[in-house]
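**Q** One structure, pasted below without further comment.
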Amino acid sequence: MPPSQLQLQLQLQLQPTTATATATTTAITTEKFISTCELIFNELFEIIQQKHQLSIANINLTLTDTLKTTKLLTNTSPVFFQSIIDQLSEIGWKNVVDLEETDLSRVTLAIEDGAGRSHELTLNISPGVERGSGIFSVVASADLPVDFPPKEKKESDSDLVGLVKNFRATLTNLQPLFDALDDIDTTCMVLEPVLPASRSTRNRRIALTQPNSTNNSSVVSMVFEVDVCDSPEPVDVKFVGPGDGVRFFRNKYSAFNFDNKISFRANLVLAFGSDCVCAPQKADAAEEGVVLEECGICYSYRLDVDDVAMDVDGGGGGGGVVNNQLPDISCTTCAKPFHEVCAFEWLSGAVGNRVAFDQIYGECPYCGGGISCRVRS
C-alpha cells in the first residue's frame, strides 16, 4: 500500500532532525578527541623537555670533569706518571687488579700471603706540589685487623715498592691469626659474622649444642675474639643462650686449659665433647641434626639492626659488637628464643612488666614464664 500524504510529510520532518543529531554527536566526539590529544601532547612535551634539560646537565658535568682532569694533567709532570709506572712494573703488573687509567690517582693491588690468600691494597695517589718532579703522596688502605701502614713506620711518600714490601711483612706477621680464623670458619658452624668475613674482623660466634639434647632451643652461642698474636686461644669468651646450656658450657670451659699445639676445634672437642661442637652448616641443616630456631616474636632468625649496635654479652664490654642480631633471649620455662630488640618491644607493651636497674622483666608470650632483657634507650 503506497504511503499516504501524511506519512510522507512526517518523514520529511524527521530527516533533518536525525541529520542534525548525528552532526552534533560527531562534533562532540571530535572535540573530545582533540582535547585528549592536546593533553597527551602536553605531557609528552614536558617529558621531552625534562629529558633535554637532564642531558644538558649531564653534558655540562662531563665537560666540567674533563676540564678538571685536563687541567690536572697539564699541571702534572710526566715524571710523576713515569715514576708510578716504573714502580708498578717492579711490583709486578700481575698484581694490579684495578687502575684509574685517566690520571693514575688510584691503584688496587692484590698481594698473596704465605698461604696463598689474596689481600687487596688500595693506593690513592696525589701529585706533589712541586711541578717537574716525580714526588707524590700515597694514602694506603687495606682490609686488615691492624692499622696499615703502621703509625710508627713512615714510608717515603713516593715509594710504592717500599709500601708493598711493608704490606707483605704485615701479612707475614698476621699469618697465625688468618690461619686460626680460617680453621674456625671451615670446621665450626659460624653464626656471626656472615661468611666470608672481612679480614679485619676477629670476632666469631659459633654454635654449640648440649649433649643428648632433643630440644631445638638447646643451641648455645660461644662468642669470642681471636687476638693478634701467635696463640689461637680465644679471648673475651662469652656464652649466650638458654640458662642451663650457658651454665653447662661455661663450667666446662672454665675448667679447661687451651692447648695451642692443636686446632681450635680439637680444643673444643676436648673441652665439651665431639657431639657438642656443631660442624659447618650445609644447605640442609637437618643433616647436621641442628635446628636454628627463629625468634618467637618476629619469626626470623637473623635480625638486621643497622641503627643500633648491640653488645653481644650484655655485660658492657669485651664481647664485641654485632649488627645482625640472633635470638639471644630465652624463656626460663619453655626456652623459646627471642631477639633482644623484639623482647624489649614485647615487654614494654605488656601488662604487669617491671623495671629494675637496666633490666625489664615480664611474661613469655607463649607460656607465661619469665623473660627479661636490657632496657633500650
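Note on naming: chains are A, B, ... as they come in the C-alpha cells, residues start from 1 per chain, ligands start from 1 in the order shown.
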Contacts of Tyr301 of chain A at 7 Å or less, counting only C-alpha atoms, minus same-chain residues fewer than 3 places along, as a list of chain:residue names?
**A**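 So, after excluding close chain neighbours, the residues are A:Glu293, A:Glu294, A:Cys295, A:Leu326, A:Pro327.
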**Q** Fewer than 4 positions away in the same chain doesn't count, so skip those; otherwise give me all residues within 8 Å of Ala343 of chain A, counting only C-alpha atoms, as a compact mmCIF listing (two decimals) with C-alpha atoms, in the first residue's frame.
**A**
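Okay, result_24.txt is ready:
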# COMPACT_ATOMS: atom_id res chain seq x y z
CA ILE A 297 58.07 -12.72 68.02
CA ILE A 329 66.95 -14.03 74.95
CA PHE A 338 63.74 -14.07 71.15
CA HIS A 339 65.80 -11.23 69.72
CA LEU A 347 57.84 -6.40 77.35
CA SER A 372 63.94 -10.35 80.72
CA CYS A 373 66.26 -8.17 78.69
**Q** Please report the interatomic distance between atom CA of Leu208 of chain A and atom CA of Phe248 of chain A in Å with one decimal.
**A** 10.9 Å
**Q** Can you tell me, as a list in words, which residues in segment 167-298 of chain A count as strand (DSSP E) by DSSP?
**A** Val190, Leu191, Glu192, Asn203, Arg204, Arg205, Ile206, Ala207, Leu208, Thr209, Val219, Val220, Ser221, Met222, Val223, Phe224, Glu225, Val226, Pro234, Val235, Asp236, Val237, Lys238, Phe239 and Val240 of chain A
**Q** What lies within 7 Å of segment 277-281 of chain A using only C-alpha atoms, ignoring chain neighbours under 2 positions off, as an NGL selection string?
**A** :A and (186-190 or 207-209 or 268-269 or 274-275 or 283 or 285)
**Q** Give me the residues near Asp98 of chain A as JSON, numbers by chain, where near means some atom within 12 Å (using only C-alpha atoms) and where sequence neighbours in that chain fewer than 2 positions away do not count.
**A** {"A": [93, 94, 95, 96, 100, 101, 104, 105, 106, 107, 108, 109, 110, 120, 121, 122, 123, 124]}
**Q** Between atom CA of Glu340 of chain A and atom CA of Ser221 of chain A, what is the distance in Å, rounded to a tenth?
**A**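 Computing the Euclidean distance for atom CA of Glu340 of chain A and atom CA of Ser221 of chain A yields 14.6 Å.
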**Q** Just the residues within 10 Å of Glu90 of chain A, please, counting only C-alpha atoms, with nothing from its chain fewer than 5 positions along; format it as an mmCIF file with N, CA, C and O atoms, in the first residue's frame.
**A**
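File written: part.cif
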data_model
loop_
_atom_site.group_PDB
_atom_site.id
_atom_site.type_symbol
_atom_site.label_atom_id
_atom_site.label_comp_id
_atom_site.auth_asym_id
_atom_site.auth_seq_id
_atom_site.Cartn_x
_atom_site.Cartn_y
_atom_site.Cartn_z
ATOM 1 N N ILE A 84 105.414 6.309 38.710
ATOM 2 C CA ILE A 84 104.407 5.323 39.132
ATOM 3 C C ILE A 84 104.480 4.078 38.256
ATOM 4 O O ILE A 84 104.455 2.938 38.755
ATOM 5 N N ILE A 85 104.575 4.270 36.953
ATOM 6 C CA ILE A 85 104.625 3.134 36.032
ATOM 7 C C ILE A 85 105.853 2.274 36.293
ATOM 8 O O ILE A 85 105.784 1.038 36.307
ATOM 9 N N LEU A 160 106.316 3.372 46.350
ATOM 10 C CA LEU A 160 105.288 2.335 46.282
ATOM 11 C C LEU A 160 105.883 0.961 46.546
ATOM 12 O O LEU A 160 105.250 0.122 47.193
ATOM 13 N N VAL A 161 107.092 0.733 46.070
ATOM 14 C CA VAL A 161 107.750 -0.560 46.274
ATOM 15 C C VAL A 161 107.967 -0.809 47.761
ATOM 16 O O VAL A 161 107.704 -1.911 48.273
#
**Q** Need the shell around His119 of chain A: protein/DNA/RNA residues with any atom at most 10 Å away, counting only C-alpha atoms. Skip same-chain ones fewer than 2 positions apart. Format as a PyMOL selection string?
**A** chain A and resi 109-113+116-117+121-122+142-144+167-168+171+199
**Q** May I have the residues from that selection written out with C-alpha atoms, as a PDB file, in the first residue's frame?
**A**
ATOM      1  CA  LEU A 109      96.970  -4.353  44.153  1.00  0.00           C
ATOM      2  CA  ALA A 110      96.319  -7.994  45.037  1.00  0.00           C
ATOM      3  CA  ILE A 111      99.081  -9.434  47.215  1.00  0.00           C
ATOM      4  CA  GLU A 112      99.169 -13.100  48.248  1.00  0.00           C
ATOM      5  CA  ASP A 113     100.333 -14.186  51.678  1.00  0.00           C
ATOM      6  CA  GLY A 116      98.013 -18.217  49.012  1.00  0.00           C
ATOM      7  CA  ARG A 117      95.276 -15.945  50.395  1.00  0.00           C
ATOM      8  CA  LEU A 121      95.885  -2.987  48.926  1.00  0.00           C
ATOM      9  CA  THR A 122      94.331   0.245  47.618  1.00  0.00           C
ATOM     10  CA  ALA A 142      93.639  -2.490  53.305  1.00  0.00           C
ATOM     11  CA  ASP A 143      91.211  -4.920  54.930  1.00  0.00           C
ATOM     12  CA  LEU A 144      93.373  -5.896  57.892  1.00  0.00           C
ATOM     13  CA  PHE A 167     102.446  -4.758  53.376  1.00  0.00           C
ATOM     14  CA  ARG A 168     103.926  -8.197  52.698  1.00  0.00           C
ATOM     15  CA  LEU A 171     100.730 -10.141  56.135  1.00  0.00           C
ATOM     16  CA  ARG A 199      89.805  -9.926  57.229  1.00  0.00           C
TER      17      ARG A 199
END
**Q** Identify which of the residues A:Pro149, A:Gly370, A:Pro176, A:Pro196 lies closest to Gly114 of chain A, counting only C-alpha atoms when measuring atom-to-atom distances.
**A**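 Once distances to Gly114 of chain A are computed over only C-alpha atoms, the minimum belongs to A:Pro176.
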**Q** Counting only C-alpha atoms, which residue out of A:Ile360, A:Gly368, A:Ser83, A:Ile184 sits closest to Ser158 of chain A?
**A**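 Of A:Ile360, A:Gly368, A:Ser83, A:Ile184, the one nearest Ser158 of chain A is A:Ser83, counting only C-alpha atoms.
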**Q** Taking the chain letters and numbering used in this document, name the residues of segment 106-259 of chain A that DSSP puts in alpha helix (DSSP H), as a ChimeraX atom specification.
**A** /A:160-173,175-187,243-254
